[in-house]
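Chemist: If it helps, the file is called entry-v6.tsv and holds TSV, C-alpha atoms and all ligand atoms:
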chain	number	residue	atom	x	y	z
R	1	MET	CA	0.00	0.00	0.00
R	2	THR	CA	1.12	3.55	-0.47
R	3	ARG	CA	1.40	5.85	2.50
R	4	LYS	CA	1.41	9.57	2.11
R	5	THR	CA	2.13	12.32	4.54
R	6	ALA	CA	1.57	15.86	3.43
R	7	ARG	CA	1.82	19.21	5.13
R	8	ALA	CA	0.09	22.01	3.31
R	9	SER	CA	0.19	25.72	3.96
R	10	THR	CA	-0.16	29.09	2.19
R	11	PRO	CA	2.58	30.15	-0.29
R	12	PRO	CA	4.99	32.87	0.92
R	13	ALA	CA	3.89	36.43	-0.04
R	14	ASN	CA	7.32	37.56	-1.34
R	15	GLY	CA	7.53	34.66	-3.79
R	16	GLU	CA	10.52	33.12	-2.04
R	17	GLN	CA	10.27	29.56	-0.86
R	18	ASP	CA	9.83	29.46	2.89
R	19	PRO	CA	11.05	26.02	4.03
R	20	ALA	CA	8.26	25.96	6.59
R	21	ASN	CA	5.74	26.31	3.80
R	22	VAL	CA	7.05	23.59	1.52
R	23	ILE	CA	4.60	20.75	0.99
R	24	ARG	CA	6.30	17.41	1.42
R	25	THR	CA	4.76	14.19	0.23
R	26	GLU	CA	6.13	10.81	1.12
R	27	VAL	CA	4.97	7.73	-0.75
R	28	GLU	CA	5.98	4.13	-0.25
R	29	TYR	CA	5.78	1.59	-3.03
R	30	LYS	CA	6.12	-2.13	-2.68
R	31	SER	CA	8.91	-3.76	-4.63
R	32	PHE	CA	8.91	-7.49	-5.24
R	33	GLN	CA	12.52	-8.61	-5.49
R	34	SER	CA	13.47	-11.79	-7.29
R	35	ASP	CA	15.32	-14.71	-5.68
R	36	GLU	CA	13.92	-13.86	-2.24
R	37	VAL	CA	11.51	-16.76	-1.75
R	38	SER	CA	11.23	-20.44	-2.57
R	39	HIS	CA	8.23	-22.03	-4.27
R	40	THR	CA	7.19	-23.59	-0.96
R	41	ASP	CA	7.22	-20.14	0.69
R	42	LEU	CA	4.74	-19.16	-2.01
R	43	GLY	CA	2.59	-22.22	-1.43
R	44	LEU	CA	3.34	-23.64	-4.87
R	45	ALA	CA	3.41	-27.43	-5.07
R	46	ASP	CA	6.20	-29.21	-6.98
R	47	ASP	CA	3.72	-30.37	-9.64
R	48	GLN	CA	2.36	-26.85	-10.09
R	49	LEU	CA	5.89	-25.64	-10.70
R	50	LEU	CA	6.39	-28.24	-13.41
R	51	ASP	CA	3.05	-27.21	-14.95
R	52	MET	CA	4.22	-23.60	-14.93
R	53	TYR	CA	7.43	-24.61	-16.65
R	54	ARG	CA	5.54	-26.59	-19.28
R	55	ASN	CA	3.19	-23.72	-19.93
R	56	MET	CA	5.95	-21.16	-20.33
R	57	LEU	CA	7.64	-23.49	-22.77
R	58	LEU	CA	4.34	-23.99	-24.60
R	59	GLN	CA	3.98	-20.22	-25.07
R	60	ARG	CA	7.55	-20.01	-26.38
R	61	ARG	CA	7.35	-22.95	-28.79
R	62	PHE	CA	3.88	-21.93	-29.96
R	63	GLU	CA	5.13	-18.50	-30.95
R	64	GLU	CA	8.34	-19.78	-32.53
R	65	ARG	CA	6.16	-22.00	-34.72
R	66	ALA	CA	3.74	-19.13	-35.38
R	67	ALA	CA	6.65	-16.99	-36.62
R	68	GLN	CA	7.62	-19.80	-38.97
R	69	MET	CA	4.05	-20.12	-40.25
R	70	TYR	CA	3.91	-16.35	-40.78
R	71	GLY	CA	7.02	-16.67	-42.95
R	72	LYS	CA	5.18	-19.32	-44.99
R	73	GLN	CA	2.24	-16.90	-45.36
R	74	LYS	CA	-0.11	-19.22	-43.51
R	75	ILE	CA	-0.90	-16.35	-41.16
R	76	SER	CA	-2.01	-12.96	-42.46
R	77	GLY	CA	-2.21	-9.54	-40.87
R	78	PHE	CA	-0.13	-8.65	-37.84
R	79	LEU	CA	1.76	-10.99	-35.53
R	80	HIS	CA	3.18	-9.57	-32.31
R	81	LEU	CA	5.17	-12.10	-30.33
R	82	TYR	CA	5.33	-12.30	-26.53
R	83	ILE	CA	8.64	-14.20	-26.42
R	84	GLY	CA	10.58	-13.15	-23.28
R	85	GLN	CA	7.48	-12.11	-21.33
R	86	GLU	CA	6.17	-15.58	-20.40
R	87	ALA	CA	6.80	-15.20	-16.64
R	88	VAL	CA	4.17	-12.45	-16.53
R	89	SER	CA	1.35	-14.45	-18.12
R	90	THR	CA	2.20	-17.60	-16.17
R	91	GLY	CA	2.49	-15.65	-12.92
R	92	VAL	CA	-0.94	-14.09	-13.26
R	93	ALA	CA	-2.68	-17.24	-14.50
R	94	ASN	CA	-1.57	-19.06	-11.34
R	95	ALA	CA	-2.55	-16.21	-9.04
R	96	MET	CA	-6.07	-15.56	-10.40
R	97	LYS	CA	-9.31	-17.57	-10.51
R	98	ILE	CA	-9.60	-18.48	-14.17
R	99	GLY	CA	-13.22	-18.34	-15.33
R	100	GLU	CA	-14.27	-16.05	-12.46
R	101	ASP	CA	-11.78	-13.21	-12.74
R	102	SER	CA	-11.48	-11.32	-16.03
R	103	VAL	CA	-8.46	-10.45	-18.12
R	104	ILE	CA	-8.13	-7.90	-20.88
R	105	THR	CA	-4.96	-7.08	-22.77
R	106	ALA	CA	-3.51	-5.42	-25.84
R	107	TYR	CA	-2.53	-7.10	-29.10
R	108	ARG	CA	0.37	-9.19	-27.65
R	109	ASP	CA	-2.14	-11.73	-26.40
R	110	HIS	CA	-1.07	-15.29	-27.31
R	111	GLY	CA	0.91	-15.86	-24.12
R	112	ILE	CA	-1.86	-14.91	-21.73
R	113	ALA	CA	-4.40	-17.02	-23.67
R	114	LEU	CA	-2.22	-20.15	-23.45
R	115	ALA	CA	-1.40	-19.43	-19.79
R	116	MET	CA	-5.13	-19.23	-19.03
R	117	GLY	CA	-5.60	-22.69	-20.46
R	118	MET	CA	-6.81	-21.95	-23.96
R	119	THR	CA	-5.68	-24.79	-26.21
R	120	SER	CA	-2.89	-24.53	-28.75
R	121	ASN	CA	-5.37	-25.89	-31.32
R	122	GLU	CA	-7.89	-23.05	-30.89
R	123	CYS	CA	-5.10	-20.46	-30.70
R	124	MET	CA	-3.22	-21.68	-33.80
R	125	ALA	CA	-6.47	-22.02	-35.75
R	126	GLU	CA	-7.26	-18.40	-34.86
R	127	LEU	CA	-3.88	-17.29	-36.21
R	128	PHE	CA	-4.69	-19.15	-39.42
R	129	GLY	CA	-8.07	-17.38	-39.59
R	130	LYS	CA	-9.95	-20.67	-39.38
R	131	VAL	CA	-13.38	-21.47	-38.03
R	132	ASP	CA	-12.09	-23.59	-35.12
R	133	GLY	CA	-10.14	-20.62	-33.79
R	134	CYS	CA	-10.99	-19.08	-30.41
R	135	SER	CA	-12.66	-16.14	-32.19
R	136	LYS	CA	-13.99	-18.37	-34.98
R	137	GLY	CA	-11.23	-17.17	-37.27
R	138	LYS	CA	-12.53	-13.60	-37.40
R	139	GLY	CA	-10.18	-12.05	-34.87
R	140	GLY	CA	-6.72	-13.29	-35.74
R	141	SER	CA	-3.58	-12.72	-33.73
R	142	MET	CA	-4.61	-9.47	-32.03
R	143	HIS	CA	-8.09	-10.57	-30.97
R	144	PHE	CA	-7.98	-13.78	-28.96
R	145	PHE	CA	-11.16	-14.11	-26.90
R	146	SER	CA	-12.70	-16.68	-24.59
R	147	ALA	CA	-15.99	-15.99	-22.85
R	148	GLU	CA	-15.55	-19.21	-20.86
R	149	LYS	CA	-12.14	-18.21	-19.52
R	150	ARG	CA	-13.19	-14.56	-19.28
R	151	LEU	CA	-10.40	-13.38	-21.56
R	152	PHE	CA	-11.93	-10.27	-23.12
R	153	GLY	CA	-9.30	-9.73	-25.82
R	154	GLY	CA	-6.82	-8.93	-27.54
R	155	HIS	CA	-7.14	-5.19	-28.54
R	156	GLY	CA	-5.22	-3.29	-31.18
R	157	ILE	CA	-5.70	0.38	-30.26
R	158	VAL	CA	-2.95	1.35	-27.84
R	159	GLY	CA	-4.57	2.13	-24.48
R	160	GLY	CA	-8.06	1.81	-25.96
R	161	HIS	CA	-8.97	-1.23	-23.89
R	162	ILE	CA	-7.99	0.19	-20.48
R	163	PRO	CA	-11.36	1.92	-19.95
R	164	VAL	CA	-13.03	-1.32	-21.09
R	165	GLY	CA	-11.08	-3.19	-18.39
R	166	VAL	CA	-12.22	-0.71	-15.78
R	167	GLY	CA	-15.76	-1.16	-17.11
R	168	ILE	CA	-15.45	-4.92	-16.64
R	169	ALA	CA	-14.31	-4.28	-13.06
R	170	PHE	CA	-17.36	-2.05	-12.60
R	171	ALA	CA	-19.54	-4.94	-13.80
R	172	HIS	CA	-17.90	-7.33	-11.29
R	173	LYS	CA	-18.66	-4.88	-8.48
R	174	TYR	CA	-22.18	-4.10	-9.69
R	175	LYS	CA	-23.07	-7.78	-10.01
R	176	GLU	CA	-21.33	-8.62	-6.73
R	177	ASP	CA	-19.92	-11.77	-8.32
R	178	GLY	CA	-16.61	-11.63	-6.43
R	179	GLY	CA	-14.49	-11.37	-9.58
R	180	VAL	CA	-11.76	-8.88	-10.36
R	181	CYS	CA	-10.41	-7.60	-13.66
R	182	ILE	CA	-6.71	-7.73	-14.50
R	183	CYS	CA	-6.00	-5.20	-17.21
R	184	PHE	CA	-2.68	-5.41	-19.08
R	185	PHE	CA	-1.16	-2.72	-21.25
R	186	GLY	CA	2.29	-1.69	-22.43
R	187	ASP	CA	4.66	1.08	-21.45
R	188	GLY	CA	3.61	2.82	-24.66
R	189	ALA	CA	0.01	2.98	-23.43
R	190	ILE	CA	0.61	4.58	-20.04
R	191	ASN	CA	0.84	8.07	-21.46
R	192	GLN	CA	-2.47	7.76	-23.29
R	193	GLY	CA	-5.32	9.78	-21.84
R	194	SER	CA	-7.38	6.61	-21.68
R	195	PHE	CA	-5.11	5.22	-18.94
R	196	HIS	CA	-5.41	8.38	-16.84
R	197	GLU	CA	-9.18	8.68	-17.19
R	198	ALA	CA	-9.65	5.00	-16.40
R	199	ALA	CA	-7.26	5.04	-13.41
R	200	ASN	CA	-9.09	8.04	-11.98
R	201	LEU	CA	-12.49	6.37	-12.23
R	202	ALA	CA	-11.15	3.06	-10.91
R	203	SER	CA	-9.89	4.79	-7.78
R	204	LEU	CA	-12.89	7.09	-7.39
R	205	TYR	CA	-15.36	4.20	-7.62
R	206	LYS	CA	-13.09	1.75	-5.73
R	207	LEU	CA	-13.27	-0.84	-8.48
R	208	PRO	CA	-11.84	-4.37	-8.32
R	209	VAL	CA	-9.15	-3.90	-10.95
R	210	VAL	CA	-5.42	-4.46	-11.23
R	211	LEU	CA	-3.90	-2.15	-13.81
R	212	VAL	CA	-0.76	-3.87	-15.05
R	213	VAL	CA	1.81	-2.05	-17.11
R	214	GLU	CA	4.03	-4.57	-18.87
R	215	ASN	CA	7.14	-2.50	-19.29
R	216	ASN	CA	9.12	-4.32	-21.98
R	217	GLU	CA	11.29	-1.22	-22.50
R	218	TYR	CA	10.04	-0.30	-25.98
R	219	ALA	CA	6.88	0.89	-27.65
R	220	MET	CA	7.60	-0.12	-31.25
R	221	GLY	CA	11.10	1.45	-31.56
R	222	THR	CA	10.66	4.07	-28.83
R	223	ALA	CA	12.51	3.41	-25.56
R	224	VAL	CA	10.66	4.24	-22.34
R	225	HIS	CA	13.00	7.09	-21.42
R	226	ARG	CA	12.24	8.81	-24.73
R	227	ALA	CA	8.50	8.75	-24.13
R	228	SER	CA	8.00	9.01	-20.36
R	229	ALA	CA	9.22	11.92	-18.23
R	230	GLU	CA	9.00	9.57	-15.23
R	231	THR	CA	10.49	6.19	-16.09
R	232	ASP	CA	9.32	4.58	-12.84
R	233	LEU	CA	5.92	3.92	-14.31
R	234	PHE	CA	4.46	2.48	-11.09
R	235	LYS	CA	4.65	5.99	-9.60
R	236	GLN	CA	1.67	6.98	-11.73
R	237	ALA	CA	-0.40	5.26	-9.04
R	238	THR	CA	0.19	8.16	-6.67
R	239	GLY	CA	-1.67	10.62	-8.87
R	240	TYR	CA	-4.75	8.46	-8.56
R	241	ASN	CA	-4.41	7.72	-4.85
R	242	MET	CA	-3.95	4.01	-5.30
R	243	PRO	CA	-1.19	1.57	-4.33
R	244	GLY	CA	1.61	1.08	-6.84
R	245	ALA	CA	4.29	-1.61	-6.97
R	246	LEU	CA	7.14	-2.92	-9.05
R	247	ALA	CA	7.92	-6.55	-9.90
R	248	ASP	CA	10.56	-8.39	-11.90
R	249	GLY	CA	8.76	-9.57	-15.00
R	250	MET	CA	11.57	-11.97	-15.89
R	251	ASP	CA	10.98	-14.02	-12.75
R	252	VAL	CA	7.84	-16.14	-12.52
R	253	PHE	CA	7.93	-16.32	-8.69
R	254	ASP	CA	8.15	-12.57	-8.44
R	255	CYS	CA	5.25	-12.14	-10.84
R	256	TYR	CA	3.17	-14.73	-9.00
R	257	ARG	CA	3.83	-12.98	-5.68
R	258	ALA	CA	3.03	-9.53	-7.00
R	259	PHE	CA	-0.14	-10.64	-8.78
R	260	SER	CA	-1.35	-12.55	-5.70
R	261	ASP	CA	-0.93	-9.40	-3.62
R	262	HIS	CA	-2.63	-7.09	-6.11
R	263	ILE	CA	-5.49	-9.47	-6.89
R	264	ALA	CA	-6.17	-9.78	-3.14
R	265	MET	CA	-6.34	-5.97	-2.94
R	266	ALA	CA	-8.72	-5.87	-5.91
R	267	ARG	CA	-10.99	-8.42	-4.25
R	268	ASP	CA	-11.25	-5.91	-1.44
R	269	ASN	CA	-12.24	-3.24	-3.97
R	270	GLN	CA	-8.84	-1.61	-3.82
R	271	PRO	CA	-7.63	-0.84	-7.35
R	272	SER	CA	-3.88	-0.64	-7.91
R	273	LEU	CA	-1.15	-0.22	-10.49
R	274	LEU	CA	1.52	-2.88	-10.89
R	275	GLU	CA	4.54	-2.36	-13.12
R	276	VAL	CA	6.26	-5.53	-14.29
R	277	ARG	CA	9.66	-4.97	-15.90
R	278	THR	CA	10.10	-7.43	-18.67
R	279	TYR	CA	11.64	-7.61	-22.14
R	280	ARG	CA	10.59	-8.73	-25.58
R	281	TYR	CA	13.25	-10.53	-27.56
R	282	ARG	CA	11.54	-10.21	-30.91
R	283	GLY	CA	10.75	-7.11	-32.90
R	284	HIS	CA	7.58	-5.17	-32.21
R	285	SER	CA	5.86	-7.25	-34.87
R	286	MET	CA	7.06	-9.52	-37.65
R	287	SER	CA	7.95	-6.55	-39.86
R	288	ASP	CA	10.30	-4.95	-37.29
R	289	PRO	CA	14.03	-5.67	-37.70
R	290	GLY	CA	14.62	-4.10	-34.23
R	291	LYS	CA	17.53	-1.87	-35.20
R	292	TYR	CA	16.93	0.43	-32.22
R	293	ARG	CA	18.71	-1.88	-29.77
R	294	THR	CA	22.14	-3.45	-29.63
R	295	LYS	CA	23.14	-7.09	-29.80
R	296	GLU	CA	24.78	-6.74	-26.38
R	297	GLU	CA	21.52	-5.55	-24.84
R	298	MET	CA	19.73	-8.57	-26.28
R	299	GLU	CA	22.38	-11.00	-25.11
R	300	ASN	CA	22.30	-9.55	-21.57
R	301	LYS	CA	18.56	-9.89	-21.42
R	302	LYS	CA	18.70	-13.46	-22.64
R	303	ASN	CA	20.85	-14.27	-19.62
R	304	ALA	CA	17.82	-13.34	-17.52
R	305	ASP	CA	15.49	-15.54	-19.59
R	306	PRO	CA	12.46	-16.50	-17.47
R	307	ILE	CA	12.33	-20.07	-18.77
R	308	ILE	CA	16.04	-20.74	-18.26
R	309	ARG	CA	15.72	-19.21	-14.81
R	310	LEU	CA	12.91	-21.57	-13.81
R	311	LYS	CA	14.77	-24.49	-15.35
R	312	ALA	CA	17.84	-23.69	-13.21
R	313	TYR	CA	15.60	-23.51	-10.14
R	314	LEU	CA	13.95	-26.86	-10.88
R	315	VAL	CA	17.26	-28.61	-11.45
R	316	GLY	CA	18.95	-26.81	-8.53
R	317	HIS	CA	16.20	-27.91	-6.13
R	318	ASN	CA	16.19	-31.51	-7.41
R	319	LEU	CA	12.64	-31.14	-8.69
R	320	ALA	CA	13.66	-32.19	-12.20
R	321	THR	CA	16.66	-33.22	-14.25
R	322	ASN	CA	17.80	-31.69	-17.52
R	323	GLU	CA	16.71	-34.93	-19.20
R	324	SER	CA	13.20	-34.87	-17.72
R	325	LEU	CA	12.82	-31.23	-18.79
R	326	ASP	CA	13.92	-32.17	-22.31
R	327	VAL	CA	11.10	-34.71	-22.36
R	328	ILE	CA	8.63	-31.91	-21.49
R	329	ASP	CA	10.08	-29.83	-24.32
R	330	GLU	CA	9.62	-32.66	-26.81
R	331	ASP	CA	6.04	-33.12	-25.65
R	332	VAL	CA	5.33	-29.39	-26.04
R	333	LYS	CA	6.84	-29.36	-29.53
R	334	ARG	CA	4.61	-32.29	-30.49
R	335	GLU	CA	1.54	-30.43	-29.18
R	336	VAL	CA	2.41	-27.31	-31.17
R	337	LYS	CA	3.12	-29.28	-34.35
R	338	ALA	CA	-0.25	-31.01	-33.99
R	339	SER	CA	-1.92	-27.60	-33.59
R	340	VAL	CA	-0.52	-26.53	-36.97
R	341	GLU	CA	-1.99	-29.65	-38.59
R	342	PHE	CA	-5.29	-28.92	-36.83
R	343	ALA	CA	-5.26	-25.32	-38.08
R	344	GLU	CA	-4.44	-26.40	-41.65
R	345	LYS	CA	-7.41	-28.78	-41.70
R	346	SER	CA	-9.92	-26.39	-40.13
R	347	PRO	CA	-12.15	-24.62	-42.73
R	348	GLN	CA	-12.34	-20.90	-43.37
R	349	PRO	CA	-15.31	-19.22	-41.64
R	350	PRO	CA	-18.31	-18.98	-44.00
R	351	LEU	CA	-18.96	-15.54	-45.45
R	352	GLU	CA	-22.52	-15.55	-44.01
R	353	SER	CA	-21.07	-15.63	-40.50
R	354	ILE	CA	-19.56	-12.18	-40.88
R	355	TYR	CA	-22.30	-10.45	-38.86
R	356	GLU	CA	-22.47	-13.14	-36.18
R	357	ASP	CA	-20.93	-12.64	-32.74
R	358	VAL	CA	-20.50	-8.91	-33.22
R	359	TYR	CA	-22.84	-8.04	-30.33
R	360	ALA	CA	-23.49	-10.10	-27.20
R	361	GLN	CA	-27.16	-9.09	-27.38
R	362	LYS	CA	-28.62	-11.40	-30.03
R	363	ASP	CA	-31.49	-9.05	-30.96
R	364	TYR	CA	-29.35	-5.90	-31.12
R	365	PRO	CA	-31.77	-3.65	-32.99
R	366	PHE	CA	-29.32	-1.67	-35.13
R	367	LEU	CA	-27.96	-4.61	-37.05
R	368	LYS	CA	-30.03	-6.19	-39.77
R	401	LIG	C1	-3.93	4.82	-30.51
R	401	LIG	C2	-2.83	4.11	-31.28
R	401	LIG	N1	-1.74	4.81	-31.65
R	401	LIG	C3	-0.74	4.19	-32.31
R	401	LIG	C4	-0.85	2.86	-32.64
R	401	LIG	C5	0.31	2.18	-33.38
R	401	LIG	N2	1.01	1.30	-32.42
R	401	LIG	C6	0.75	-0.01	-32.38
R	401	LIG	S1	1.61	-0.76	-31.20
R	401	LIG	C7	2.38	0.64	-30.71
R	401	LIG	C8	3.37	0.61	-29.58
R	401	LIG	C9	2.77	0.27	-28.24
R	401	LIG	O1	3.75	-0.15	-27.34
R	401	LIG	P1	3.45	-0.71	-25.92
R	401	LIG	O2	2.15	-0.17	-25.43
R	401	LIG	O3	4.63	-0.46	-25.06
R	401	LIG	O4	3.21	-2.26	-26.12
R	401	LIG	P2	4.24	-3.40	-26.56
R	401	LIG	O5	4.15	-3.48	-28.05
R	401	LIG	O6	5.58	-3.00	-26.07
R	401	LIG	O7	3.75	-4.66	-25.94
R	401	LIG	C10	1.95	1.70	-31.48
R	401	LIG	C11	2.42	3.09	-31.32
R	401	LIG	C12	-2.01	2.17	-32.26
R	401	LIG	N3	-2.18	0.87	-32.52
R	401	LIG	N4	-2.98	2.81	-31.56
Please rewrite the model in this file as structure tokens.
Ligand SMILES: Cc1ncc(C[n+]2csc(CCOP(=O)(O)OP(=O)(O)O)c2C)c(N)n1
Modeler:
Amino acid sequence: MTRKTARASTPPANGEQDPANVIRTEVEYKSFQSDEVSHTDLGLADDQLLDMYRNMLLQRRFEERAAQMYGKQKISGFLHLYIGQEAVSTGVANAMKIGEDSVITAYRDHGIALAMGMTSNECMAELFGKVDGCSKGKGGSMHFFSAEKRLFGGHGIVGGHIPVGVGIAFAHKYKEDGGVCICFFGDGAINQGSFHEAANLASLYKLPVVLVVENNEYAMGTAVHRASAETDLFKQATGYNMPGALADGMDVFDCYRAFSDHIAMARDNQPSLLEVRTYRYRGHSMSDPGKYRTKEEMENKKNADPIIRLKAYLVGHNLATNESLDVIDEDVKREVKASVEFAEKSPQPPLESIYEDVYAQKDYPFLK
């Protein structure tokens, strides 16, 4: 939680700053440091840890294969990969109640969908634009949806979905269903007016929402320090009188811990802002050669790879061997390969279906 102490008084008449009249504000932010706790401290069972590892690997292999399929022109439109950010999606999926809590995110949405238990078949078929896809082939890469899992997209307009996420949180509170909304957006979205308007309302109405800024250091080719006057993005929480915190987005334990804390606050109708510092290894999208960063920077980041980190933990704590983890990798690769075959075989959506599933209300009167 943040704590503020402020002393206010009238400004000095002569225009000079009277030290007695200076307003001081003190704010405390939580910081979740990596390598501080073990999985047992976090209440994670050995099996759950192996499931987390498998899922992170599934996200990685799925996207590597998707990139390949994009190169073969099996996938059209945009393709934004999440590679490097898998600890964030896996952390939140294990901390939330899937199917009861809601998630909304921007266009880099494959990782969170797979972490929430959507199948590689429905996700790959969606990338291929096929009828068995999670959005019946009409959404594509940027618009993964699942009403069952309560994943409300996949949105392409930077910052545009943040008010929608706060609206979903409003619905949870209004319906008193006990759910919370976890709303993800990038560092490039935090300076959009939509974030500020939504954060203000979330705090004013005490809505059950966790605003999560996934700071992967770049918005397309623009580094955070070139776009944000304050590069500690979590400090934006102060302006809206809500708790703010920072977590290591390259460490799945850290993410899990931070999300558990913030989701618990949201369940108590305390909205908050969580910054997770992560990194994307790939370009902004498939058409980005990524010339705005150096090879050295990339190599350094790869040393902090979230999957390698978890692998080292598993082996170091005798929870797995390199060989047993290789078996998991082979299994994941098989699953992803099968999803490509599934997507290839799935038909295109019929043209007549173009007006279906546009509105939740079946008899929406303005659509004939
Ligand atoms: C309102 C709006 N302006 C510009 C764009 C073009 N655009 C697409 S992605 C992007 C960068 C966003 O970066 P960030 O929010 O940090 O997300 P990341 O790609 O890093 O996950 C921009 C400027 C857009 N889609 N919407």
Chemist: Might you pull out every residue within 9 Å of Thr222 in chain R, with only C-alpha atoms counted and same-chain residues fewer than 4 positions away left off, and present them as a list in words?
Modeler: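 Residues near the query, excluding close chain neighbours: Gly188, Glu217, Tyr218, Arg226, Ala227 and Tyr292 of chain R.
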Chemist: Could you write out the selected residues, including C-alpha atoms, as an mmCIF file, keeping the file's coordinate frame?
Modeler:
data_model
loop_
_atom_site.group_PDB
_atom_site.id
_atom_site.type_symbol
_atom_site.label_atom_id
_atom_site.label_comp_id
_atom_site.auth_asym_id
_atom_site.auth_seq_id
_atom_site.Cartn_x
_atom_site.Cartn_y
_atom_site.Cartn_z
ATOM 1 C CA GLY R 188 3.610 2.820 -24.660
ATOM 2 C CA GLU R 217 11.290 -1.220 -22.500
ATOM 3 C CA TYR R 218 10.040 -0.300 -25.980
ATOM 4 C CA ARG R 226 12.240 8.810 -24.730
ATOM 5 C CA ALA R 227 8.500 8.750 -24.130
ATOM 6 C CA TYR R 292 16.930 0.430 -32.220
#
Chemist: Once you add 6 Å to each side, what are the centre and edge lengths of the axis-aligned box holding all listed atoms of range 195-202 of chain R? One decimal in Å, as JSON, if you can.
Modeler:
{"center_x": -8.8, "center_y": 5.9, "center_z": -14.9, "size_x": 19.4, "size_y": 17.6, "size_z": 20.0}
Chemist: From the list R:Asp177, R:Glu148, R:Glu26, R:Asp251, which residue is nearest Met52 in chain R when using only C-alpha atoms?
Modeler: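 Checking each of R:Asp177, R:Glu148, R:Glu26, R:Asp251 against Met52 in chain R, counting only C-alpha atoms, the winner is R:Asp251.
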Chemist: Looking at R:Met220, R:Ala95, R:Val131, R:Val276, which one is nearest to Met250 in chain R, with distances taken over all atoms listed in the file?
Modeler: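 So, comparing all the options, the nearest one is R:Val276.
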Chemist: Please identify all protein, DNA and RNA residues within 8 Å of ligand LIG 401 (chain R), counting all atoms listed in the file, and report them as a PyMOL selection string.
Modeler: chain R and resi 80+82+106-108+156-160+185-190+192+214-220+280+284-285
Chemist: Would you mind listing what lies within 8 Å of Leu211 in chain R as a PDB file with C-alpha atoms, in the frame of the given file, with all atoms listed in the file counted and same-chain residues fewer than 2 positions away left out?
Modeler:
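As written to disk, selection-v8.pdb reads:
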ATOM      1  CA  ILE R 182      -6.710  -7.730 -14.500  1.00  0.00           C
ATOM      2  CA  CYS R 183      -6.000  -5.200 -17.210  1.00  0.00           C
ATOM      3  CA  PHE R 184      -2.680  -5.410 -19.080  1.00  0.00           C
ATOM      4  CA  PHE R 185      -1.160  -2.720 -21.250  1.00  0.00           C
ATOM      5  CA  ALA R 199      -7.260   5.040 -13.410  1.00  0.00           C
ATOM      6  CA  VAL R 209      -9.150  -3.900 -10.950  1.00  0.00           C
ATOM      7  CA  VAL R 213       1.810  -2.050 -17.110  1.00  0.00           C
ATOM      8  CA  PRO R 271      -7.630  -0.840  -7.350  1.00  0.00           C
ATOM      9  CA  SER R 272      -3.880  -0.640  -7.910  1.00  0.00           C
ATOM     10  CA  LEU R 273      -1.150  -0.220 -10.490  1.00  0.00           C
ATOM     11  CA  LEU R 274       1.520  -2.880 -10.890  1.00  0.00           C
TER      12      LEU R 274
END
Chemist: Per residue of range 42-80 of chain R within 10 Å of range 339-353 of chain R, what are the shortest atom pair and its distance in Å to one decimal, counting only C-alpha atoms, with rows by chain and residue number, as CSV?
Modeler:
residue,atom,partner,partner_atom,distance
R:Phe62,CA,R:Ser339,CA,8.9
R:Arg65,CA,R:Val340,CA,8.4
R:Ala66,CA,R:Val340,CA,8.7
R:Met69,CA,R:Val340,CA,8.5
R:Lys74,CA,R:Glu344,CA,8.6
Chemist: At a cut-off of 8 Å around the point (-12.5, -23.5, -34.4) (file coordinates), what residues fall inside when counting all atoms listed in the file? I'd like the answer as a PyMOL selection string.
Modeler: chain R and resi 122+125-126+130-137+346
Chemist: Given only C-alpha atoms as the basis, pick out the residue of R:Asp261, R:Glu296, R:Glu197, R:Glu86 nearest to Arg61 in chain R.
Modeler: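 Residue with the minimum atom-to-atom distance to Arg61 in chain R: R:Glu86.
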Chemist: Counting all atoms listed in the file, which residue out of R:His262, R:Phe152, R:Ala245, R:Gly111 sits closest to Met96 in chain R?
Modeler: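 Closest to Met96 in chain R of all the choices is R:His262.
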Chemist: At what distance in Å, to one decimal, does CA of Asp101 in chain R lie from CA of Asp363 in chain R?
Modeler: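 CA of Asp101 in chain R lies 27.2 Å from CA of Asp363 in chain R.
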Chemist: I'd like to know which of R:Ser76, R:Gly154, R:Glu100, R:Gly71 is closest to Ile112 in chain R, using only C-alpha atoms.
Modeler: R:Gly154
Chemist: Looking at all atoms listed in the file, which of R:Leu204, R:Val164, R:Cys255, R:Ile83 is the one that sits closest to Lys301 in chain R?
Modeler: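 Of R:Leu204, R:Val164, R:Cys255, R:Ile83, the one nearest Lys301 in chain R is R:Ile83, counting all atoms listed in the file.
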Chemist: Can you tell me, as a list in words, what residues are no more than 10 Å from His317 in chain R when counting all atoms listed in the file, ignoring any on the same chain fewer than 5 positions away?
Modeler: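 Here the qualifying residues turn out to be Ser38, Lys311 and Ala312 of chain R.
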Chemist: In Å, how far is it from CA of Val166 in chain R to CA of Gln59 in chain R?
Modeler: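 According to the coordinates, CA of Val166 in chain R and CA of Gln59 in chain R are separated by 27.0 Å.
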Chemist: Using CA of Asn191 in chain R and CA of Thr231 in chain R as the two end points, give the distance in Å to one decimal.
Modeler: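 According to the coordinates, CA of Asn191 in chain R and CA of Thr231 in chain R are separated by 11.2 Å.
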